[in-house]
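Data from my_file_16.cif: mmCIF, C-alpha atoms
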data_entry
loop_
_atom_site.group_PDB
_atom_site.id
_atom_site.type_symbol
_atom_site.label_atom_id
_atom_site.label_comp_id
_atom_site.auth_asym_id
_atom_site.auth_seq_id
_atom_site.Cartn_x
_atom_site.Cartn_y
_atom_site.Cartn_z
ATOM 1 C CA MET A 3 237.831 -149.180 -161.394
ATOM 2 C CA ARG A 4 235.263 -151.360 -163.139
ATOM 3 C CA ARG A 5 233.536 -151.767 -159.793
ATOM 4 C CA ALA A 6 233.315 -148.014 -159.252
ATOM 5 C CA ILE A 7 231.837 -147.566 -162.722
ATOM 6 C CA LEU A 8 229.328 -150.332 -162.033
ATOM 7 C CA ILE A 9 228.254 -148.740 -158.744
ATOM 8 C CA GLY A 10 228.003 -145.331 -160.386
ATOM 9 C CA LEU A 11 225.859 -146.653 -163.209
ATOM 10 C CA SER A 12 223.624 -148.624 -160.851
ATOM 11 C CA VAL A 13 223.074 -145.577 -158.633
ATOM 12 C CA ALA A 14 222.156 -143.539 -161.704
ATOM 13 C CA LEU A 15 219.672 -146.193 -162.811
ATOM 14 C CA LEU A 16 218.231 -146.877 -159.349
ATOM 15 C CA SER A 17 217.680 -143.200 -158.573
ATOM 16 C CA GLY A 18 214.625 -143.564 -160.803
ATOM 17 C CA CYS A 19 213.161 -145.905 -158.185
ATOM 18 C CA ALA A 20 213.313 -143.211 -155.481
ATOM 19 C CA ARG A 21 210.092 -142.108 -153.827
ATOM 20 C CA LEU A 22 208.262 -139.621 -156.011
ATOM 21 C CA VAL A 23 208.245 -136.143 -154.516
ATOM 22 C CA PRO A 24 206.025 -133.533 -156.130
ATOM 23 C CA ASP A 25 208.162 -130.704 -157.404
ATOM 24 C CA VAL A 26 205.699 -128.010 -156.387
ATOM 25 C CA LYS A 27 204.987 -128.023 -152.671
ATOM 26 C CA PRO A 28 201.622 -126.768 -151.391
ATOM 27 C CA TYR A 29 203.269 -123.605 -150.060
ATOM 28 C CA GLU A 30 204.797 -122.907 -153.477
ATOM 29 C CA ARG A 31 201.534 -122.872 -155.413
ATOM 30 C CA GLU A 32 201.026 -119.152 -155.463
ATOM 31 C CA GLN A 33 201.279 -118.868 -159.246
ATOM 32 C CA LEU A 34 199.250 -122.024 -159.881
ATOM 33 C CA ALA A 35 196.431 -120.860 -157.604
ATOM 34 C CA ASP A 36 196.032 -117.669 -159.623
ATOM 35 C CA PRO A 37 192.616 -117.620 -161.361
ATOM 36 C CA ILE A 38 194.379 -116.947 -164.652
ATOM 37 C CA MET A 39 195.770 -120.484 -164.471
ATOM 38 C CA SER A 40 192.309 -122.026 -164.617
ATOM 39 C CA PHE A 41 191.459 -123.773 -167.816
ATOM 40 C CA SER A 42 188.212 -121.978 -168.488
ATOM 41 C CA ARG A 43 186.655 -118.646 -167.646
ATOM 42 C CA ASP A 44 183.266 -120.096 -166.956
ATOM 43 C CA PRO A 45 183.424 -123.243 -164.862
ATOM 44 C CA VAL A 46 179.649 -123.423 -164.392
ATOM 45 C CA SER A 47 178.965 -123.496 -168.131
ATOM 46 C CA ASP A 48 181.797 -125.986 -168.489
ATOM 47 C CA GLN A 49 180.184 -128.319 -166.004
ATOM 48 C CA TYR A 50 177.036 -128.289 -168.094
ATOM 49 C CA LEU A 51 178.935 -129.030 -171.287
ATOM 50 C CA ASP A 52 180.861 -131.789 -169.544
ATOM 51 C CA HIS A 53 177.556 -133.330 -168.645
ATOM 52 C CA VAL A 54 176.437 -133.091 -172.287
ATOM 53 C CA TYR A 55 179.599 -134.864 -173.472
ATOM 54 C CA ASP A 56 179.184 -137.343 -170.689
ATOM 55 C CA VAL A 57 175.693 -138.315 -171.820
ATOM 56 C CA ARG A 58 176.124 -138.067 -175.566
ATOM 57 C CA GLU A 59 179.617 -139.416 -176.068
ATOM 58 C CA GLY A 60 180.356 -141.356 -172.942
ATOM 59 C CA ALA A 61 183.375 -139.089 -172.511
ATOM 60 C CA ARG A 62 184.017 -138.646 -168.857
ATOM 61 C CA GLY A 63 186.654 -137.305 -166.538
ATOM 62 C CA ALA A 64 190.110 -135.744 -166.864
ATOM 63 C CA THR A 65 188.644 -132.395 -167.817
ATOM 64 C CA THR A 66 188.843 -130.435 -164.611
ATOM 65 C CA SER A 67 190.439 -130.593 -161.201
ATOM 66 C CA GLN A 68 189.006 -129.742 -157.844
ATOM 67 C CA GLY A 69 190.222 -126.634 -156.067
ATOM 68 C CA GLY A 70 192.543 -123.835 -156.981
ATOM 69 C CA GLY A 71 195.779 -125.696 -156.516
ATOM 70 C CA CYS A 72 196.499 -124.580 -152.968
ATOM 71 C CA GLY A 73 196.573 -128.147 -151.716
ATOM 72 C CA CYS A 74 193.868 -127.526 -149.140
ATOM 73 C CA ASN A 75 191.381 -130.111 -150.299
ATOM 74 C CA MET B 138 234.562 -159.859 -162.237
ATOM 75 C CA SER B 139 232.965 -162.581 -160.185
ATOM 76 C CA LEU B 140 229.261 -162.882 -159.517
ATOM 77 C CA SER B 141 229.681 -162.128 -155.801
ATOM 78 C CA SER B 142 231.516 -158.878 -156.442
ATOM 79 C CA ILE B 143 228.772 -157.802 -158.875
ATOM 80 C CA LEU B 144 226.224 -158.628 -156.177
ATOM 81 C CA LYS B 145 228.207 -156.615 -153.621
ATOM 82 C CA SER B 146 228.314 -153.642 -155.967
ATOM 83 C CA ALA B 147 224.596 -153.901 -156.571
ATOM 84 C CA ILE B 148 223.813 -153.926 -152.826
ATOM 85 C CA CYS B 149 226.101 -150.951 -152.344
ATOM 86 C CA ALA B 150 224.327 -149.044 -155.132
ATOM 87 C CA VAL B 151 220.880 -149.790 -153.693
ATOM 88 C CA ALA B 152 222.029 -148.553 -150.279
ATOM 89 C CA ILE B 153 223.364 -145.302 -151.778
ATOM 90 C CA ALA B 154 220.194 -144.750 -153.813
ATOM 91 C CA PHE B 155 217.990 -145.192 -150.736
ATOM 92 C CA LEU B 156 220.170 -143.075 -148.478
ATOM 93 C CA SER B 157 220.001 -140.191 -150.924
ATOM 94 C CA THR B 158 216.187 -140.099 -150.619
ATOM 95 C CA ALA B 159 216.095 -140.568 -146.838
ATOM 96 C CA ASP B 160 216.609 -136.925 -145.869
ATOM 97 C CA ALA B 161 213.447 -135.792 -147.657
ATOM 98 C CA GLN B 162 211.392 -138.082 -145.441
ATOM 99 C CA ALA B 163 212.971 -137.075 -142.153
ATOM 100 C CA ARG B 164 212.201 -133.361 -142.236
ATOM 101 C CA LEU B 165 208.699 -133.175 -140.802
ATOM 102 C CA PRO B 166 208.733 -132.310 -137.091
ATOM 103 C CA ALA B 167 206.918 -135.240 -135.581
ATOM 104 C CA ILE B 168 204.431 -134.906 -132.758
ATOM 105 C CA GLY B 169 206.400 -135.150 -129.549
ATOM 106 C CA ALA B 170 209.537 -133.639 -131.089
ATOM 107 C CA ILE B 171 210.967 -130.207 -130.316
ATOM 108 C CA ALA B 172 209.706 -127.677 -132.858
ATOM 109 C CA PRO B 173 212.588 -126.457 -135.039
ATOM 110 C CA ASP B 174 213.506 -122.916 -134.105
ATOM 111 C CA PHE B 175 213.275 -120.108 -136.652
ATOM 112 C CA THR B 176 213.531 -116.355 -136.909
ATOM 113 C CA LEU B 177 211.382 -114.427 -139.378
ATOM 114 C CA HIS B 178 210.607 -110.810 -140.094
ATOM 115 C CA SER B 179 207.166 -109.796 -138.910
ATOM 116 C CA ASN B 180 204.538 -107.159 -139.499
ATOM 117 C CA LEU B 181 205.494 -105.649 -136.114
ATOM 118 C CA GLY B 182 208.587 -104.353 -137.877
ATOM 119 C CA LYS B 183 211.003 -106.631 -136.040
ATOM 120 C CA ASN B 184 212.204 -110.216 -136.247
ATOM 121 C CA LEU B 185 210.445 -112.795 -134.134
ATOM 122 C CA LYS B 186 212.091 -115.948 -132.870
ATOM 123 C CA LEU B 187 210.102 -119.033 -131.946
ATOM 124 C CA SER B 188 212.319 -120.011 -128.996
ATOM 125 C CA GLU B 189 211.579 -116.660 -127.319
ATOM 126 C CA TYR B 190 208.054 -117.926 -126.713
ATOM 127 C CA ARG B 191 209.154 -120.874 -124.582
ATOM 128 C CA GLY B 192 206.928 -121.091 -121.548
ATOM 129 C CA GLN B 193 203.868 -120.146 -123.538
ATOM 130 C CA VAL B 194 201.550 -122.248 -125.651
ATOM 131 C CA VAL B 195 202.221 -121.342 -129.291
ATOM 132 C CA LEU B 196 199.952 -121.912 -132.255
ATOM 133 C CA ILE B 197 201.666 -121.535 -135.621
ATOM 134 C CA ASN B 198 199.436 -121.196 -138.641
ATOM 135 C CA PHE B 199 200.944 -121.397 -142.128
ATOM 136 C CA TRP B 200 198.745 -119.429 -144.524
ATOM 137 C CA ALA B 201 198.734 -117.538 -147.824
ATOM 138 C CA THR B 202 196.606 -114.826 -149.417
ATOM 139 C CA TRP B 203 195.862 -117.059 -152.427
ATOM 140 C CA CYS B 204 194.462 -119.858 -150.271
ATOM 141 C CA GLY B 205 190.707 -119.610 -149.693
ATOM 142 C CA PRO B 206 190.431 -121.800 -146.576
ATOM 143 C CA CYS B 207 193.294 -119.845 -144.982
ATOM 144 C CA ARG B 208 191.353 -116.599 -145.385
ATOM 145 C CA GLU B 209 188.371 -118.287 -143.793
ATOM 146 C CA GLU B 210 190.417 -119.566 -140.895
ATOM 147 C CA LEU B 211 192.282 -116.396 -139.895
ATOM 148 C CA PRO B 212 189.300 -114.564 -138.301
ATOM 149 C CA GLN B 213 188.532 -117.716 -136.302
ATOM 150 C CA LEU B 214 192.116 -117.850 -135.082
ATOM 151 C CA GLU B 215 191.961 -114.161 -134.177
ATOM 152 C CA ARG B 216 188.983 -114.941 -131.973
ATOM 153 C CA GLN B 217 191.014 -117.628 -130.226
ATOM 154 C CA ARG B 218 193.923 -115.274 -129.683
ATOM 155 C CA ALA B 219 191.630 -112.757 -128.015
ATOM 156 C CA ARG B 220 190.159 -115.465 -125.848
ATOM 157 C CA TYR B 221 193.287 -117.203 -124.569
ATOM 158 C CA GLN B 222 196.008 -114.547 -124.773
ATOM 159 C CA ARG B 223 195.858 -113.751 -121.060
ATOM 160 C CA GLY B 224 196.384 -117.394 -120.202
ATOM 161 C CA GLY B 225 199.794 -117.499 -121.900
ATOM 162 C CA PHE B 226 198.775 -118.280 -125.473
ATOM 163 C CA VAL B 227 200.653 -116.915 -128.473
ATOM 164 C CA LEU B 228 199.475 -117.138 -132.054
ATOM 165 C CA LEU B 229 201.912 -116.708 -134.928
ATOM 166 C CA GLY B 230 200.697 -116.557 -138.527
ATOM 167 C CA VAL B 231 203.397 -117.510 -141.012
ATOM 168 C CA SER B 232 202.593 -116.172 -144.462
ATOM 169 C CA VAL B 233 204.187 -118.044 -147.358
ATOM 170 C CA ASP B 234 203.360 -115.316 -149.879
ATOM 171 C CA ASP B 235 206.044 -114.113 -152.247
ATOM 172 C CA ASN B 236 204.891 -110.569 -151.535
ATOM 173 C CA PRO B 237 204.866 -109.739 -147.799
ATOM 174 C CA ARG B 238 202.944 -106.522 -148.400
ATOM 175 C CA ALA B 239 199.983 -108.432 -149.883
ATOM 176 C CA ALA B 240 199.970 -110.657 -146.803
ATOM 177 C CA GLN B 241 200.066 -107.652 -144.518
ATOM 178 C CA GLU B 242 197.148 -105.998 -146.311
ATOM 179 C CA MET B 243 195.103 -109.189 -146.242
ATOM 180 C CA ALA B 244 195.769 -109.684 -142.532
ATOM 181 C CA HIS B 245 194.705 -106.103 -141.865
ATOM 182 C CA ARG B 246 191.532 -106.541 -143.910
ATOM 183 C CA LEU B 247 190.633 -109.734 -142.047
ATOM 184 C CA GLY B 248 191.101 -107.983 -138.702
ATOM 185 C CA VAL B 249 194.083 -110.107 -137.678
ATOM 186 C CA GLN B 250 195.912 -108.717 -134.652
ATOM 187 C CA PHE B 251 198.368 -111.514 -133.968
ATOM 188 C CA PRO B 252 201.875 -111.199 -135.430
ATOM 189 C CA VAL B 253 202.196 -112.167 -139.076
ATOM 190 C CA LEU B 254 205.603 -113.525 -140.042
ATOM 191 C CA PHE B 255 206.834 -113.446 -143.600
ATOM 192 C CA ASP B 256 208.342 -116.615 -145.022
ATOM 193 C CA ALA B 257 208.746 -115.378 -148.594
ATOM 194 C CA GLY B 258 211.897 -117.497 -148.965
ATOM 195 C CA LYS B 259 209.902 -120.605 -147.910
ATOM 196 C CA GLN B 260 212.774 -121.842 -145.721
ATOM 197 C CA VAL B 261 210.610 -122.305 -142.635
ATOM 198 C CA SER B 262 207.774 -123.941 -144.600
ATOM 199 C CA GLY B 263 210.370 -126.249 -146.121
ATOM 200 C CA ARG B 264 211.894 -127.018 -142.723
ATOM 201 C CA TYR B 265 208.462 -127.887 -141.335
ATOM 202 C CA ASP B 266 207.655 -129.781 -144.552
ATOM 203 C CA ILE B 267 204.235 -128.182 -144.881
ATOM 204 C CA ASP B 268 202.197 -130.498 -147.108
ATOM 205 C CA ALA B 269 198.833 -128.741 -146.977
ATOM 206 C CA MET B 270 197.638 -125.163 -146.864
ATOM 207 C CA PRO B 271 196.743 -124.035 -144.280
ATOM 208 C CA SER B 272 198.655 -126.045 -141.695
ATOM 209 C CA THR B 273 198.299 -125.499 -137.981
ATOM 210 C CA LEU B 274 200.761 -126.587 -135.293
ATOM 211 C CA LEU B 275 200.348 -126.414 -131.553
ATOM 212 C CA ILE B 276 203.485 -126.205 -129.447
ATOM 213 C CA ASP B 277 203.402 -126.648 -125.683
ATOM 214 C CA ARG B 278 205.197 -124.605 -123.026
ATOM 215 C CA GLY B 279 208.281 -126.792 -123.366
ATOM 216 C CA GLY B 280 208.592 -126.176 -127.119
ATOM 217 C CA VAL B 281 207.343 -129.617 -128.116
ATOM 218 C CA VAL B 282 204.974 -130.075 -131.084
ATOM 219 C CA ARG B 283 201.780 -131.531 -129.643
ATOM 220 C CA TYR B 284 199.249 -131.208 -132.429
ATOM 221 C CA LEU B 285 199.277 -130.830 -136.185
ATOM 222 C CA HIS B 286 196.315 -130.124 -138.400
ATOM 223 C CA ARG B 287 196.416 -130.090 -142.177
ATOM 224 C CA GLY B 288 193.909 -127.965 -144.095
ATOM 225 C CA TYR B 289 190.876 -126.214 -142.715
ATOM 226 C CA ARG B 290 187.195 -127.013 -142.538
ATOM 227 C CA SER B 291 184.698 -124.913 -140.679
ATOM 228 C CA GLY B 292 184.369 -126.255 -137.144
ATOM 229 C CA VAL B 293 187.975 -127.392 -136.810
ATOM 230 C CA GLU B 294 188.665 -124.389 -134.565
ATOM 231 C CA GLN B 295 186.606 -126.105 -131.880
ATOM 232 C CA GLU B 296 189.142 -128.900 -131.945
ATOM 233 C CA TYR B 297 191.925 -126.301 -131.585
ATOM 234 C CA ASP B 298 189.978 -124.862 -128.656
ATOM 235 C CA VAL B 299 190.027 -128.153 -126.804
ATOM 236 C CA LYS B 300 193.726 -128.710 -127.488
ATOM 237 C CA VAL B 301 194.737 -125.183 -126.511
ATOM 238 C CA ARG B 302 192.849 -125.406 -123.238
ATOM 239 C CA GLU B 303 194.436 -128.763 -122.530
ATOM 240 C CA LEU B 304 197.936 -127.357 -123.134
ATOM 241 C CA LEU B 305 197.279 -124.192 -121.143
ATOM 242 C CA ARG B 306 196.359 -126.274 -118.140
ATOM 243 C CA GLN B 307 199.685 -128.145 -118.206
#

Would you mind writing the structure in this file as structure tokens?
Amino acid sequence: MRRAILIGLSVALLSGCARLVPDVKPYEREQLADPIMSFSRDPVSDQYLDHVYDVREGARGATTSQGGGCGCN
Amino acid sequence: MSLSSILKSAICAVAIAFLSTADAQARLPAIGAIAPDFTLHSNLGKNLKLSEYRGQVVLINFWATWCGPCREELPQLERQRARYQRGGFVLLGVSVDDNPRAAQEMAHRLGVQFPVLFDAGKQVSGRYDIDAMPSTLLIDRGGVVRYLHRGYRSGVEQEYDVKVRELLRQ
């Protein structure tokens, strides 16, 4: 009995070590690829402002992502 | 409880944990393997079955209306269909859109004349473990997957051209 509990607990703990699989597959990204999901309405202006922050504050990266989320890039 | 029995339990647990993740990795039809058969509703108004095209070279393209490169690729594929159809070449476009009507309209607008199959339930995409949009598979006359291309960049269709011709000759 104790053994079964031990195995059960270990499986529960070790399942965290399993290979990471993204929850949203490329073919399921219909809603994410919708333009309404983009962070800003004006990506060109945003690029300029990013550059300003980049130069003035040394703040870089993690602001945008490439592509519309269809997984084609 | 002795140390060895704890060790045995631990090994057992590791084995179970790994086995439970194994099936996710084994789904993709590998090159050289028989393409999994499927039946899907099509824009021709009837169901189409992959195995009915045995004896012909089949190109399956997984696409969606919301995917820019897919929209770019479809007219190129249509050109290939027109070119090789008489040699025993079949092109099937599998749309993964939730709304089949949107896919149908898009295909019509892009001048697509090959059958468009609707995989709104995503079962076939899941079975083929599609990990990029668009994805293109080439299946030979014997039903074996011979070529797989992920994504689309302009010019890739020339590579398809070479492969299709090679398979048509066999």

Applying 12 Å and only C-alpha atoms, which residues near Arg306 (chain B) remain after dropping the ones on its own chain fewer than 3 positions away? List them as JSON, numbers by chain. {"B": [193, 194, 221, 224, 225, 226, 277, 278, 299, 300, 301, 302, 303]}

Atom pair CA of Val231 (chain B) / CA of Ser291 (chain B): separation (Å):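 Distance between the two atoms: 20.1 Å.
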
Contact residues around Val233 (chain B) with only C-alpha atoms at 8 Å, ignoring same-chain residues under 4 positions, as a list of chain:residue names: A:Tyr29, A:Glu30, B:Phe199, B:Trp200, B:Ala201, B:Phe255, B:Asp256, B:Ala257, B:Gly258, B:Lys259, B:Ser262

d(CA of Ile171 (chain B), CA of Gln307 (chain B)) in Å: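 A separation of 16.7 Å between them.
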
Given the file above and the PyMOL selection byres ((chain B and resi 275) around 8), which residues are selected, and can you give them as a PyMOL selection string? chain B and resi 194-197+273-274+276-277+282-285+301

Calculated over all atoms listed in the file, which of the candidates B:Gln222, B:Gln213, B:Asn180, B:Thr202 has the smallest distance to Met270 (chain B)?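 Using all atoms listed in the file, the shortest distance to Met270 (chain B) belongs to B:Thr202.
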
Nearest to Asp235 (chain B) among B:Ser272, B:Trp203, B:Leu177, B:Gln295, with distances taken over all atoms listed in the file: which residue is it?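 Once distances to Asp235 (chain B) are computed over all atoms listed in the file, the minimum belongs to B:Trp203.
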
Protein, DNA and RNA residues within 12 Å of (197.8, -121.4, -154.2), all atoms listed in the file, as an MDAnalysis selection string: (chainID A and resid 26:40 69:75) or (chainID B and resid 200:208 233:235 269:271)

Of B:Ala170, B:Glu294, B:Arg264, B:Gly279, the one sitting nearest chain A when using only C-alpha atoms is B:Arg264

Using the chain letters and numbers from the file, which residues does the PyMOL selection byres ((chain B and resi 184) around 12) grab, as a compact mmCIF listing (two decimals) with C-alpha atoms, in the frame of the given file?
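Once everything was written out, this is part_15.txt:
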# COMPACT_ATOMS: atom_id res chain seq x y z
CA PHE B 175 213.28 -120.11 -136.65
CA THR B 176 213.53 -116.36 -136.91
CA LEU B 177 211.38 -114.43 -139.38
CA HIS B 178 210.61 -110.81 -140.09
CA SER B 179 207.17 -109.80 -138.91
CA ASN B 180 204.54 -107.16 -139.50
CA LEU B 181 205.49 -105.65 -136.11
CA GLY B 182 208.59 -104.35 -137.88
CA LYS B 183 211.00 -106.63 -136.04
CA LEU B 185 210.44 -112.80 -134.13
CA LYS B 186 212.09 -115.95 -132.87
CA LEU B 187 210.10 -119.03 -131.95
CA GLU B 189 211.58 -116.66 -127.32
CA PRO B 252 201.88 -111.20 -135.43
CA VAL B 253 202.20 -112.17 -139.08
CA LEU B 254 205.60 -113.52 -140.04
CA PHE B 255 206.83 -113.45 -143.60
CA ASP B 256 208.34 -116.62 -145.02

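Picture a line from CA of Asn198 (chain B) to CA of Arg223 (chain B); it runs 19.4 Å.
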
Using all atoms of region 273-288 of chain B that appear in the file, construct an axis-aligned enclosing box with 4 Å of padding on every side and provide its centre coordinates and edge lengths in Å, rounded to one decimal, as JSON.
{"center_x": 201.3, "center_y": -128.1, "center_z": -133.6, "size_x": 22.7, "size_y": 14.9, "size_z": 29.1}

Among the residues B:Gly248, B:Gly288, B:Gly169, B:Pro237, the one that comes closest to chain A [using all atoms listed in the file]: B:Gly288

Residues near Pro173 (chain B), cut-off 9 Å, all atoms listed in the file, skip fewer than 5 positions along chain, as a list in words: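 Everything that qualifies: Pro166, Leu187, Ser188, Val261, Arg264, Tyr265 and Gly280 of chain B.
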
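Considering only C-alpha atoms, the residue among B:Leu211, B:Ile267, B:Leu229, B:Ala244 positioned nearest to chain A is B:Ile267.
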
Selected residue of minimal separation from chain B among A:Arg5, A:His53, A:Arg43, A:Arg58, counting all atoms listed in the file: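 Checking each of A:Arg5, A:His53, A:Arg43, A:Arg58 against chain B, counting all atoms listed in the file, the winner is A:Arg5.
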